[in-house]
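Chemist: Below you'll find run.cif; it's mmCIF, C-alpha atoms (C1' of nucleotides).
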data_my_file
#
loop_
_atom_site.label_atom_id
_atom_site.label_comp_id
_atom_site.auth_asym_id
_atom_site.auth_seq_id
_atom_site.Cartn_x
_atom_site.Cartn_y
_atom_site.Cartn_z
CA MET G 1 79.07 -2.23 4.51
CA PRO G 2 75.89 -2.81 6.54
CA GLU G 3 74.19 -0.06 4.56
CA PHE G 4 74.19 -2.40 1.53
CA ASP G 5 72.92 -5.47 3.37
CA GLN G 6 69.31 -5.11 2.28
CA ILE G 7 70.02 -4.52 -1.40
CA LYS G 8 72.67 -7.25 -1.45
CA GLN G 9 70.17 -9.75 -0.15
CA SER G 10 67.60 -8.65 -2.71
CA ILE G 11 69.97 -9.03 -5.65
CA GLY G 12 71.20 -12.33 -4.30
CA LYS G 13 67.77 -13.78 -5.05
CA TYR G 14 68.48 -13.38 -8.77
CA ILE G 15 72.21 -13.57 -9.46
CA ASN G 16 75.45 -14.17 -7.59
CA LEU G 17 77.92 -11.31 -7.83
CA THR G 18 81.53 -11.45 -6.70
CA ASP G 19 82.60 -8.90 -4.10
CA ASP G 20 84.32 -7.02 -6.89
CA GLU G 21 81.22 -6.94 -9.04
CA PHE G 22 79.03 -5.96 -6.14
CA GLY G 23 81.46 -3.16 -5.33
CA ARG G 24 81.23 -1.91 -8.87
CA PHE G 25 77.46 -2.06 -8.56
CA THR G 26 77.24 -0.18 -5.30
CA ARG G 27 79.48 2.60 -6.59
CA CYS G 28 76.67 3.33 -9.06
CA LEU G 29 74.16 3.90 -6.27
CA GLU G 30 73.09 7.24 -4.83
CA ARG G 31 71.33 7.66 -1.52
CA TRP G 32 68.05 9.57 -1.77
CA VAL G 33 65.94 10.76 1.16
CA LEU G 34 62.37 12.02 0.97
CA LYS G 35 60.14 13.75 3.47
CA LYS G 36 56.53 12.76 3.93
CA LYS G 37 54.37 13.87 0.95
CA GLN G 38 57.45 14.65 -1.13
CA VAL G 39 57.15 13.65 -4.78
CA LEU G 40 59.79 11.26 -6.10
CA LEU G 41 58.65 11.43 -9.72
CA ALA G 42 55.87 13.55 -11.16
CA GLU G 43 53.63 12.68 -14.09
CA GLY G 44 55.14 14.18 -17.22
CA GLU G 45 58.75 13.80 -16.12
CA VAL G 46 60.98 11.14 -17.61
CA CYS G 47 61.89 8.46 -15.11
CA ARG G 48 65.68 8.21 -15.12
CA HIS G 49 66.23 5.84 -12.19
CA VAL G 50 65.27 2.61 -10.61
CA PHE G 51 64.97 2.75 -6.84
CA PHE G 52 65.34 0.33 -3.99
CA VAL G 53 63.41 1.13 -0.81
CA ASN G 54 65.50 0.91 2.33
CA ARG G 55 62.90 2.42 4.58
CA GLY G 56 59.47 4.05 4.36
CA CYS G 57 56.33 3.74 2.28
CA LEU G 58 55.39 5.25 -1.09
CA ARG G 59 52.47 5.15 -3.47
CA TYR G 60 52.01 5.87 -7.12
CA PHE G 61 48.84 7.27 -8.58
CA TYR G 62 47.47 8.62 -11.83
CA ALA G 63 44.50 10.76 -12.78
CA VAL G 64 41.33 9.53 -14.48
CA ASP G 65 39.12 12.51 -15.31
CA GLY G 66 40.36 14.59 -12.44
CA GLU G 67 40.16 11.88 -9.82
CA GLU G 68 43.33 10.19 -8.64
CA ARG G 69 43.66 6.42 -8.57
CA ILE G 70 46.29 4.55 -6.65
CA GLY G 71 48.20 1.96 -8.62
CA GLN G 72 50.56 0.53 -6.05
CA PHE G 73 52.21 0.90 -2.66
CA PHE G 74 55.90 0.27 -2.03
CA THR G 75 57.62 -0.55 1.23
CA GLU G 76 60.95 -1.79 2.56
CA ASN G 77 62.99 -3.98 0.15
CA ASP G 78 60.76 -3.26 -2.85
CA TRP G 79 62.23 -2.27 -6.20
CA LEU G 80 60.39 0.69 -7.66
CA THR G 81 60.37 2.56 -10.95
CA GLU G 82 57.98 3.96 -13.53
CA TYR G 83 58.97 1.05 -15.67
CA GLU G 84 57.41 2.10 -18.94
CA SER G 85 58.88 5.60 -18.74
CA PHE G 86 62.22 4.21 -17.63
CA LEU G 87 62.38 1.71 -20.49
CA THR G 88 61.26 4.10 -23.20
CA GLN G 89 62.70 7.28 -21.65
CA ARG G 90 59.42 9.03 -22.36
CA PRO G 91 57.21 11.03 -19.94
CA ALA G 92 55.73 9.17 -17.00
CA THR G 93 51.97 8.83 -16.71
CA GLN G 94 52.13 8.27 -12.98
CA THR G 95 53.25 10.20 -9.93
CA PHE G 96 55.27 8.63 -7.12
CA GLU G 97 54.95 10.14 -3.66
CA ALA G 98 56.29 9.37 -0.20
CA LEU G 99 53.64 8.55 2.39
CA GLU G 100 56.26 8.58 5.15
CA PRO G 101 59.88 9.66 5.44
CA VAL G 102 61.64 7.52 2.85
CA ASP G 103 65.17 6.29 2.34
CA LEU G 104 66.15 4.94 -1.09
CA TRP G 105 69.02 3.74 -3.25
CA ALA G 106 68.86 5.25 -6.74
CA LEU G 107 70.46 3.70 -9.82
CA SER G 108 70.43 5.85 -12.94
CA TYR G 109 69.40 4.67 -16.40
CA GLN G 110 72.86 5.39 -17.75
CA ASN G 111 74.62 3.57 -14.93
CA LEU G 112 72.37 0.57 -15.42
CA GLN G 113 73.12 0.44 -19.15
CA ASN G 114 76.83 0.63 -18.29
CA LEU G 115 76.46 -2.19 -15.78
CA TYR G 116 74.72 -4.30 -18.43
CA SER G 117 77.81 -3.92 -20.59
CA ALA G 118 80.44 -4.20 -17.86
CA ILE G 119 78.93 -7.15 -16.00
CA PRO G 120 77.21 -9.57 -18.38
CA LYS G 121 75.44 -11.19 -15.46
CA MET G 122 73.56 -7.92 -14.97
CA GLU G 123 71.80 -8.43 -18.29
CA ARG G 124 70.32 -11.54 -16.75
CA PHE G 125 69.37 -9.60 -13.65
CA GLY G 126 67.55 -7.08 -15.87
CA ARG G 127 65.71 -9.85 -17.62
CA LEU G 128 64.70 -11.56 -14.38
CA ILE G 129 63.51 -8.25 -12.91
CA ALA G 130 61.48 -7.58 -16.05
CA GLU G 131 59.99 -11.05 -15.85
CA GLN G 132 59.14 -10.58 -12.19
CA ASN G 133 57.55 -7.25 -13.01
CA PHE G 134 55.43 -8.91 -15.66
CA ILE G 135 54.18 -11.50 -13.20
CA GLY G 136 53.65 -8.81 -10.60
CA VAL G 137 51.53 -6.59 -12.81
CA LYS G 138 49.34 -9.54 -13.80
CA ARG G 139 48.82 -10.51 -10.18
CA ARG G 140 47.97 -6.93 -9.36
CA TYR G 141 45.41 -6.45 -12.11
CA SER G 142 43.82 -9.86 -12.25
CA PRO G 143 41.81 -9.54 -9.02
CA LEU G 144 40.63 -6.09 -10.03
CA LEU G 145 39.00 -7.65 -13.07
CA ASN G 146 37.94 -11.02 -11.80
CA GLU G 147 37.08 -10.64 -8.14
CA SER G 148 34.41 -8.74 -6.24
CA PRO G 149 35.33 -5.72 -4.13
CA GLU G 150 34.80 -7.76 -0.98
CA GLU G 151 37.04 -10.56 -2.20
CA ARG G 152 39.71 -8.03 -3.09
CA TYR G 153 39.56 -6.52 0.37
CA LEU G 154 39.81 -9.91 2.03
CA HIS G 155 42.74 -10.76 -0.19
CA LEU G 156 44.45 -7.51 0.78
CA ILE G 157 44.04 -8.29 4.46
CA LYS G 158 45.67 -11.66 3.98
CA THR G 159 48.52 -10.71 1.71
CA ARG G 160 49.48 -7.25 2.92
CA PRO G 161 48.18 -6.83 6.46
CA GLY G 162 50.87 -4.27 7.19
CA LEU G 163 49.34 -1.78 4.78
CA LEU G 164 46.14 -1.51 6.81
CA GLN G 165 48.05 -0.03 9.71
CA ARG G 166 50.15 2.16 7.51
CA VAL G 167 47.98 4.01 5.00
CA PRO G 168 44.64 5.88 5.26
CA GLN G 169 41.55 3.87 4.45
CA HIS G 170 40.50 5.95 1.46
CA TYR G 171 43.86 5.19 -0.13
CA LEU G 172 43.18 1.50 0.33
CA ALA G 173 39.77 1.99 -1.29
CA SER G 174 41.37 3.62 -4.30
CA PHE G 175 43.93 0.83 -4.47
CA LEU G 176 41.07 -1.70 -4.42
CA GLY G 177 39.29 0.13 -7.22
CA ILE G 178 36.28 1.28 -5.19
CA LYS G 179 35.00 4.42 -3.42
CA PRO G 180 35.74 5.10 0.27
CA GLU G 181 32.05 4.81 1.12
CA SER G 182 31.92 1.35 -0.43
CA LEU G 183 34.96 0.13 1.49
CA SER G 184 33.41 1.43 4.68
CA ARG G 185 30.25 -0.55 3.99
CA ILE G 186 32.20 -3.69 3.12
CA ARG G 187 34.05 -3.49 6.43
CA LYS G 188 30.78 -2.97 8.26
CA ARG G 189 29.21 -6.02 6.61
CA LEU G 190 32.21 -8.17 7.45
CA HIS G 191 32.22 -7.13 11.11
CA GLN G 192 28.50 -7.80 11.49
CA ASN G 193 28.76 -11.31 10.05
CA ARG G 194 31.75 -12.04 12.26
CA MET X 1 65.06 -19.45 -46.30
CA PRO X 2 61.84 -17.53 -47.01
CA GLU X 3 60.10 -19.54 -44.32
CA PHE X 4 62.14 -17.64 -41.71
CA ASP X 5 61.57 -14.17 -43.15
CA GLN X 6 58.81 -13.22 -40.76
CA ILE X 7 60.56 -14.32 -37.61
CA LYS X 8 63.87 -12.84 -38.76
CA GLN X 9 62.25 -9.48 -39.21
CA SER X 10 60.61 -9.70 -35.79
CA ILE X 11 63.87 -10.51 -34.01
CA GLY X 12 65.68 -7.82 -35.96
CA LYS X 13 63.65 -5.23 -34.10
CA TYR X 14 65.48 -6.17 -30.91
CA ILE X 15 68.95 -7.50 -31.71
CA ASN X 16 71.23 -8.04 -34.72
CA LEU X 17 72.26 -11.65 -35.19
CA THR X 18 74.94 -12.84 -37.60
CA ASP X 19 73.85 -15.40 -40.19
CA ASP X 20 75.63 -18.01 -38.11
CA GLU X 21 73.80 -17.05 -34.95
CA PHE X 22 70.48 -16.87 -36.74
CA GLY X 23 71.11 -20.31 -38.19
CA ARG X 24 71.79 -21.65 -34.73
CA PHE X 25 68.55 -20.04 -33.61
CA THR X 26 66.40 -21.42 -36.41
CA ARG X 27 67.72 -24.94 -35.82
CA CYS X 28 65.99 -24.73 -32.44
CA LEU X 29 62.60 -24.06 -34.02
CA GLU X 30 59.86 -26.58 -34.69
CA ARG X 31 56.97 -26.01 -37.05
CA TRP X 32 53.56 -26.51 -35.44
CA VAL X 33 50.23 -26.54 -37.26
CA LEU X 34 46.81 -26.35 -35.66
CA LYS X 35 43.31 -26.88 -36.99
CA LYS X 36 40.51 -24.53 -36.11
CA LYS X 37 39.39 -24.96 -32.47
CA GLN X 38 42.46 -27.03 -31.66
CA VAL X 39 43.97 -26.31 -28.25
CA LEU X 40 47.62 -25.25 -28.20
CA LEU X 41 47.96 -25.26 -24.42
CA ALA X 42 45.34 -26.25 -21.88
CA GLU X 43 44.90 -24.85 -18.41
CA GLY X 44 46.77 -27.07 -15.96
CA GLU X 45 49.54 -28.00 -18.38
CA VAL X 46 53.00 -26.54 -18.04
CA CYS X 47 53.87 -24.23 -20.89
CA ARG X 48 57.15 -25.46 -22.33
CA HIS X 49 57.43 -23.26 -25.43
CA VAL X 50 57.27 -19.79 -26.77
CA PHE X 51 55.54 -19.49 -30.12
CA PHE X 52 55.71 -17.17 -33.07
CA VAL X 53 52.58 -16.89 -35.20
CA ASN X 54 53.26 -17.25 -38.91
CA ARG X 55 49.63 -17.44 -39.89
CA GLY X 56 46.21 -17.62 -38.26
CA CYS X 57 44.47 -16.30 -35.19
CA LEU X 58 44.36 -17.60 -31.60
CA ARG X 59 42.86 -16.57 -28.32
CA TYR X 60 43.56 -17.37 -24.73
CA PHE X 61 40.89 -17.56 -22.08
CA TYR X 62 40.45 -18.54 -18.46
CA ALA X 63 37.48 -19.45 -16.30
CA VAL X 64 35.91 -17.25 -13.62
CA ASP X 65 33.22 -19.19 -11.80
CA GLY X 66 32.38 -21.34 -14.76
CA GLU X 67 32.28 -18.57 -17.32
CA GLU X 68 35.17 -18.14 -19.73
CA ARG X 69 36.86 -14.79 -20.19
CA ILE X 70 39.08 -13.93 -23.10
CA GLY X 71 42.42 -12.43 -22.19
CA GLN X 72 44.01 -11.82 -25.55
CA PHE X 73 43.97 -12.51 -29.28
CA PHE X 74 47.09 -13.30 -31.31
CA THR X 75 47.61 -12.96 -35.03
CA GLU X 76 50.40 -12.98 -37.60
CA ASN X 77 53.86 -11.97 -36.33
CA ASP X 78 52.84 -12.00 -32.66
CA TRP X 79 54.95 -13.77 -30.06
CA LEU X 80 52.82 -15.90 -27.78
CA THR X 81 53.32 -17.89 -24.61
CA GLU X 82 51.74 -18.45 -21.22
CA TYR X 83 54.48 -16.33 -19.83
CA GLU X 84 54.00 -16.98 -16.14
CA SER X 85 53.80 -20.73 -16.62
CA PHE X 86 56.74 -20.66 -19.02
CA LEU X 87 58.92 -18.66 -16.63
CA THR X 88 58.07 -20.63 -13.53
CA GLN X 89 57.46 -23.99 -15.25
CA ARG X 90 54.29 -24.40 -13.23
CA PRO X 91 50.76 -25.20 -14.48
CA ALA X 92 49.13 -22.67 -16.76
CA THR X 93 45.98 -20.88 -15.65
CA GLN X 94 44.93 -20.12 -19.19
CA THR X 95 43.97 -22.06 -22.28
CA PHE X 96 45.21 -21.16 -25.76
CA GLU X 97 43.06 -22.14 -28.71
CA ALA X 98 43.18 -21.65 -32.47
CA LEU X 99 40.30 -19.67 -33.92
CA GLU X 100 41.44 -20.47 -37.45
CA PRO X 101 43.96 -22.84 -39.01
CA VAL X 102 47.23 -21.78 -37.43
CA ASP X 103 50.88 -22.07 -38.39
CA LEU X 104 53.52 -21.48 -35.69
CA TRP X 105 57.20 -21.67 -34.87
CA ALA X 106 57.80 -23.28 -31.49
CA LEU X 107 60.90 -22.71 -29.36
CA SER X 108 61.24 -24.94 -26.30
CA TYR X 109 62.13 -23.74 -22.82
CA GLN X 110 65.28 -25.83 -22.82
CA ASN X 111 66.40 -24.62 -26.23
CA LEU X 112 65.84 -21.03 -25.16
CA GLN X 113 67.93 -21.50 -22.01
CA ASN X 114 70.65 -23.03 -24.19
CA LEU X 115 70.49 -20.10 -26.57
CA TYR X 116 70.82 -17.71 -23.65
CA SER X 117 74.11 -19.42 -22.78
CA ALA X 118 75.40 -19.95 -26.31
CA ILE X 119 74.57 -16.53 -27.70
CA PRO X 120 74.96 -13.81 -25.05
CA LYS X 121 73.00 -11.40 -27.21
CA MET X 122 69.99 -13.65 -26.72
CA GLU X 123 69.95 -12.77 -23.03
CA ARG X 124 69.34 -9.21 -24.12
CA PHE X 125 66.59 -10.38 -26.47
CA GLY X 126 64.94 -12.16 -23.54
CA ARG X 127 65.13 -9.04 -21.45
CA LEU X 128 63.69 -6.83 -24.18
CA ILE X 129 60.86 -9.28 -24.81
CA ALA X 130 60.09 -9.40 -21.10
CA GLU X 131 60.09 -5.61 -20.98
CA GLN X 132 57.79 -5.42 -24.00
CA ASN X 133 55.49 -7.93 -22.38
CA PHE X 134 55.35 -5.81 -19.27
CA ILE X 135 54.37 -2.74 -21.26
CA GLY X 136 51.89 -4.82 -23.25
CA VAL X 137 50.10 -6.21 -20.23
CA LYS X 138 49.78 -2.75 -18.71
CA ARG X 139 48.33 -1.36 -21.93
CA ARG X 140 45.92 -4.25 -22.09
CA TYR X 141 44.63 -3.95 -18.53
CA SER X 142 44.66 -0.22 -18.05
CA PRO X 143 41.61 0.52 -20.24
CA LEU X 144 39.69 -2.29 -18.60
CA LEU X 145 40.07 -0.47 -15.29
CA ASN X 146 40.00 3.14 -16.32
CA GLU X 147 37.72 3.41 -19.32
CA SER X 148 34.03 2.83 -19.92
CA PRO X 149 32.86 -0.12 -22.02
CA GLU X 150 32.02 2.25 -24.86
CA GLU X 151 35.45 3.88 -24.78
CA ARG X 152 37.06 0.46 -24.78
CA TYR X 153 35.05 -0.57 -27.82
CA LEU X 154 35.96 2.61 -29.68
CA HIS X 155 39.58 2.06 -28.78
CA LEU X 156 39.41 -1.49 -30.11
CA ILE X 157 37.99 -0.29 -33.40
CA LYS X 158 40.85 2.15 -33.80
CA THR X 159 43.73 -0.02 -32.71
CA ARG X 160 42.74 -3.47 -33.97
CA PRO X 161 40.16 -3.05 -36.72
CA GLY X 162 41.16 -6.37 -38.24
CA LEU X 163 39.82 -8.28 -35.26
CA LEU X 164 36.26 -7.13 -35.89
CA GLN X 165 36.20 -8.97 -39.21
CA ARG X 166 37.94 -11.97 -37.82
CA VAL X 167 36.36 -13.05 -34.54
CA PRO X 168 32.73 -13.45 -33.37
CA GLN X 169 31.19 -10.50 -31.61
CA HIS X 170 30.62 -12.30 -28.33
CA TYR X 171 34.36 -13.02 -28.18
CA LEU X 172 35.03 -9.33 -28.60
CA ALA X 173 32.57 -8.62 -25.79
CA SER X 174 34.41 -10.99 -23.49
CA PHE X 175 37.72 -9.42 -24.49
CA LEU X 176 36.26 -6.00 -23.64
CA GLY X 177 35.08 -7.26 -20.26
CA ILE X 178 31.36 -7.00 -20.91
CA LYS X 179 28.41 -9.23 -21.86
CA PRO X 180 27.41 -9.81 -25.50
CA GLU X 181 24.09 -8.05 -24.90
CA SER X 182 25.90 -4.98 -23.65
CA LEU X 183 28.20 -4.83 -26.64
CA SER X 184 25.20 -5.15 -28.92
CA ARG X 185 23.55 -2.19 -27.21
CA ILE X 186 26.73 -0.12 -27.37
CA ARG X 187 26.97 -0.71 -31.10
CA LYS X 188 23.31 0.23 -31.51
CA ARG X 189 23.81 3.48 -29.58
CA LEU X 190 26.84 4.39 -31.65
CA HIS X 191 25.06 3.76 -34.96
CA GLN X 192 22.07 5.84 -33.93
CA ASN X 193 24.19 8.83 -32.91
CA ARG X 194 26.14 8.57 -36.13
"C1'" DC R 1 40.05 26.79 19.67
"C1'" DG R 2 38.72 26.15 14.95
"C1'" DC R 3 39.47 24.15 10.64
"C1'" DG R 4 40.04 20.54 7.43
"C1'" DA R 5 40.62 15.75 6.48
"C1'" DC R 6 38.61 11.44 7.36
"C1'" DG R 7 35.32 7.68 8.12
"C1'" DT R 8 30.53 6.52 8.52
"C1'" DT R 9 25.70 6.27 7.36
"C1'" DG R 10 21.38 7.06 4.70
"C1'" DA R 11 18.77 7.98 0.32
"C1'" DT R 12 18.85 7.84 -4.46
"C1'" DT R 13 20.69 7.00 -9.08
"C1'" DT R 14 22.84 4.47 -12.62
"C1'" DG R 15 25.04 1.29 -15.78
"C1'" DC R 16 25.65 -3.16 -16.60
"C1'" DC R 17 23.92 -7.82 -15.76
"C1'" DT R 18 20.41 -11.32 -15.81
"C1'" DC R 19 16.70 -13.57 -17.76
"C1'" DA R 20 13.84 -14.38 -21.57
"C1'" DA R 21 12.28 -14.45 -26.25
"C1'" DC R 22 13.02 -14.04 -31.10
"C1'" DG R 23 14.81 -14.07 -35.95
"C1'" DA R 24 18.97 -14.92 -38.79
"C1'" DT R 25 22.84 -17.49 -39.91
"C1'" DT R 26 25.75 -21.44 -39.78
"C1'" DG R 27 26.82 -26.10 -40.11
"C1'" DT R 28 25.80 -30.82 -39.94
"C1'" DG R 29 24.05 -35.39 -40.69
"C1'" DG R 30 20.91 -38.09 -43.33
"C1'" DC L 1 21.11 -31.01 -51.15
"C1'" DC L 2 17.92 -30.33 -47.81
"C1'" DA L 3 16.09 -30.23 -43.02
"C1'" DC L 4 16.94 -29.42 -38.67
"C1'" DA L 5 19.67 -28.08 -34.67
"C1'" DA L 6 22.89 -25.14 -32.73
"C1'" DT L 7 25.01 -20.81 -32.49
"C1'" DC L 8 24.77 -16.01 -32.74
"C1'" DG L 9 23.19 -11.25 -32.48
"C1'" DT L 10 19.41 -8.44 -31.05
"C1'" DT L 11 15.83 -6.54 -28.14
"C1'" DG L 12 12.90 -5.92 -23.99
"C1'" DA L 13 11.95 -6.11 -18.92
"C1'" DG L 14 13.60 -6.16 -14.46
"C1'" DG L 15 17.26 -6.51 -10.82
"C1'" DC L 16 21.32 -5.29 -8.35
"C1'" DA L 17 25.77 -3.67 -6.62
"C1'" DA L 18 28.42 0.17 -6.47
"C1'" DA L 19 28.45 5.14 -7.39
"C1'" DT L 20 26.69 9.45 -6.24
"C1'" DC L 21 24.94 12.97 -3.31
"C1'" DA L 22 24.38 14.62 1.19
"C1'" DA L 23 24.84 15.02 6.12
"C1'" DC L 24 27.24 14.37 10.34
"C1'" DG L 25 30.60 13.08 14.17
"C1'" DT L 26 35.44 12.51 15.18
"C1'" DC L 27 40.14 13.29 15.14
"C1'" DG L 28 44.54 15.63 14.48
"C1'" DC L 29 46.91 19.67 13.87
"C1'" DG L 30 48.07 24.56 13.25
#
Spit out the file's structure as structure tokens when you get a sec.
Modeler:
Amino acid sequence: MPEFDQIKQSIGKYINLTDDEFGRFTRCLERWVLKKKQVLLAEGEVCRHVFFVNRGCLRYFYAVDGEERIGQFFTENDWLTEYESFLTQRPATQTFEALEPVDLWALSYQNLQNLYSAIPKMERFGRLIAEQNFIGVKRRYSPLLNESPEERYLHLIKTRPGLLQRVPQHYLASFLGIKPESLSRIRKRLHQNR
Amino acid sequence: MPEFDQIKQSIGKYINLTDDEFGRFTRCLERWVLKKKQVLLAEGEVCRHVFFVNRGCLRYFYAVDGEERIGQFFTENDWLTEYESFLTQRPATQTFEALEPVDLWALSYQNLQNLYSAIPKMERFGRLIAEQNFIGVKRRYSPLLNESPEERYLHLIKTRPGLLQRVPQHYLASFLGIKPESLSRIRKRLHQNR
DNA sequence: CGCGACGTTGATTTGCCTCAACGATTGTGG
DNA sequence: CCACAATCGTTGAGGCAAATCAACGTCGCG
């Protein structure tokens, strides 16, 4: 099943499933396809799935007095969900949108709960994913609080160079917590001092 | 065992343990006591325990170019650990310190891993705690990014009024991500417009 | 071709920080 | 128990980095 290669490799980082167990897992998956600009999950809806990105790029954003702020980008082999809404089954505060044509695996809340019961190892997988998410959210927020805009931009260049080619600059600015004009000036400064 | 009442109640929010299982759990606990200003875990050390606060108040802080910033306060019935260091067993980036005489239960990394194996339900507890931590860290950081200093202060008053009586004002300022002078001015403004 | 979205640049504003000084309170050692 | 030092909260003056407001050229697309 080459279609499951990516997700198999991703899970393999956390737990080892037998072929039987992995088969049971994959039978819970649905294939979802999105066009560019299509919304995967809108603010106010309850998030009923976790997703695995086979192909494409998405963002999530939320509104702060009318203005939208980008929380995160997702690309190939990322796991993606509105975690708080998914865990509590209450309305999402964020909107997820495709920035390109997107190809996902979707695993429903109910199917995941069933897998937790049917395959005890999956409970561990859920814990490890939650732990990774915790570390991820801290690493995402920490620079926003403790580093200067310029440092954050330089860090972005180093750690996610692919994004610069892939998403508009004013989205990057929002992701970095600054205005497009400010990012433009930062880039200008950096090029001059080159 | 009245000494275990608090922690029993806290665990009961997540999973139901039999008396046998709970006994097995409590035999893994050590009692730790700290004096005021005593350090529970220093930056650079590996965090080898999770703690449950029976009594007292602690903070954790980290340094950003020489200046210390407070990340969180902990009080009675809170679970506490340097989660990233604990999960990865690598050096902590934060220091935990008692602000008052403190009384804790300590559960070691090894004992927790053993409990995960011995009591399958504990794996679920670990997952739920990790999920709660994820939600907690998002709720902690989100206002720092999306609200004004004044809004953050007002929010603190509403959600954790006890802290205002318990910790010095310049600690609160650091927790709110501002300078002591700024917090002083915010309070002055609010009292005038009262 | 014409429109809208995007990135850039300049001028100005603004909110918090920095620096400095000062009383009040705390706590500490003789 | 007192005297003195350190810590803490407050207030004022000035600075600064990013936001805001505005204008303009370019590019992509219908």
Chemist: List every protein, DNA or RNA residue that has at least one atom no more than 9 Å from (53.1, -29.3, -35.2) in the file's coordinates, counting only C-alpha atoms (C1' of nucleotides), and write the result as a ChimeraX atom specification.
Modeler: /X:30-34,103-106
Chemist: Distance table requested - chain L against chain X, cut-off 10 Å, all atoms listed in the file: one row per qualifying residue with the closest atom pair and its distance in Å to one decimal, ordered by chain and rising residue number, as JSON lines.
Modeler:
{"residue": "L:DC8", "atom": "C1'", "partner": "X:His170", "partner_atom": "CA", "distance": 8.2}
{"residue": "L:DG9", "atom": "C1'", "partner": "X:Ser184", "partner_atom": "CA", "distance": 7.3}
{"residue": "L:DT10", "atom": "C1'", "partner": "X:Ser184", "partner_atom": "CA", "distance": 7.0}
{"residue": "L:DT11", "atom": "C1'", "partner": "X:Arg185", "partner_atom": "CA", "distance": 8.9}
Chemist: On this structure, the PyMOL selection byres ((chain R and resi 5) around 10) would catch which residues? List them as a ChimeraX atom specification, sorted by chain and number.
Modeler: /R:3-4,6-7 /L:27-28
Chemist: Filtering to C-alpha atoms (C1' of nucleotides), could you give me those residues as a short mmCIF file (atom, residue, chain, number, x, y, z; two decimals), keeping the file's coordinate frame?
Modeler:
data_model
loop_
_atom_site.label_atom_id
_atom_site.label_comp_id
_atom_site.auth_asym_id
_atom_site.auth_seq_id
_atom_site.Cartn_x
_atom_site.Cartn_y
_atom_site.Cartn_z
"C1'" DC R 3 39.47 24.15 10.64
"C1'" DG R 4 40.04 20.54 7.43
"C1'" DC R 6 38.61 11.44 7.36
"C1'" DG R 7 35.32 7.68 8.12
"C1'" DC L 27 40.14 13.29 15.14
"C1'" DG L 28 44.54 15.63 14.48
#
Chemist: Using all atoms listed in the file, what does the table of chain X residues within 12 Å of chain G look like, with each row giving the shortest atom pair and its distance in Å to one decimal, sorted by chain and ascending number, as a tab-separated table?
Modeler:
residue	atom	partner	partner_atom	distance
X:Tyr62	CA	G:Asn146	CA	10.4
X:Ala63	CA	G:Asn146	CA	9.6
X:Val64	CA	G:Asn146	CA	6.8
X:Asp65	CA	G:Asn146	CA	9.4
X:Glu67	CA	G:Asn146	CA	10.9
X:Glu68	CA	G:Asn146	CA	11.0
X:Arg69	CA	G:Asn146	CA	9.3
X:Ile70	CA	G:Asn146	CA	11.7
X:Gly71	CA	G:Ser142	CA	10.4
X:Glu82	CA	G:Ile135	CA	10.9
X:Tyr83	CA	G:Ile135	CA	8.2
X:Glu84	CA	G:Ile135	CA	6.2
X:Ser85	CA	G:Ile135	CA	9.9
X:Phe86	CA	G:Glu131	CA	10.6
X:Leu87	CA	G:Glu131	CA	7.7
X:Thr88	CA	G:Ile135	CA	9.9
X:Thr93	CA	G:Ser142	CA	11.7
X:Gln113	CA	G:Arg124	CA	11.5
X:Tyr116	CA	G:Arg124	CA	9.3
X:Ser117	CA	G:Arg124	CA	10.6
X:Ile119	CA	G:Pro120	CA	11.9
X:Pro120	CA	G:Pro120	CA	8.2
X:Lys121	CA	G:Glu123	CA	9.5
X:Met122	CA	G:Glu123	CA	10.1
X:Glu123	CA	G:Arg124	CA	6.4
X:Arg124	CA	G:Glu123	CA	6.4
X:Phe125	CA	G:Arg127	CA	8.9
X:Gly126	CA	G:Arg127	CA	6.4
X:Arg127	CA	G:Arg127	CA	4.0
X:Leu128	CA	G:Arg127	CA	7.5
X:Ile129	CA	G:Arg127	CA	8.7
X:Ala130	CA	G:Glu131	CA	5.5
X:Glu131	CA	G:Ala130	CA	5.5
X:Gln132	CA	G:Ala130	CA	9.0
X:Asn133	CA	G:Phe134	CA	6.8
X:Phe134	CA	G:Phe134	CA	4.8
X:Ile135	CA	G:Glu84	CA	6.2
X:Gly136	CA	G:Phe134	CA	9.3
X:Val137	CA	G:Lys138	CA	7.3
X:Lys138	CA	G:Val137	CA	7.3
X:Arg139	CA	G:Glu84	CA	10.2
X:Arg140	CA	G:Tyr141	CA	10.2
X:Tyr141	CA	G:Tyr141	CA	6.9
X:Ser142	CA	G:Tyr141	CA	8.6
X:Pro143	CA	G:Val64	CA	10.7
X:Leu144	CA	G:Leu145	CA	7.7
X:Leu145	CA	G:Leu145	CA	7.6
X:Asn146	CA	G:Val64	CA	6.8
X:Glu147	CA	G:Val64	CA	8.6
X:Ser148	CA	G:Val64	CA	11.3
X:Ser174	CA	G:Leu145	CA	11.9
X:Phe175	CA	G:Leu145	CA	11.6
X:Leu176	CA	G:Leu145	CA	11.0
X:Gly177	CA	G:Leu145	CA	8.2
X:Ile178	CA	G:Leu145	CA	11.0
Chemist: Could you state the separation of CA of Leu17 (chain X) and CA of Phe74 (chain X) in Å, given to one decimal place?
Modeler: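 Straight-line distance from CA of Leu17 (chain X) to CA of Phe74 (chain X) works out to 25.5 Å.
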Chemist: Report as a list of chain:residue names all protein, DNA and RNA residues lying within 9 Å of DC17 (chain R), evaluated on all atoms listed in the file, omitting residues in the same chain fewer than 4 positions from it.
Modeler: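 Contacts, with the query itself left out: X:Lys179, X:Ser182, L:DG15, L:DC16.
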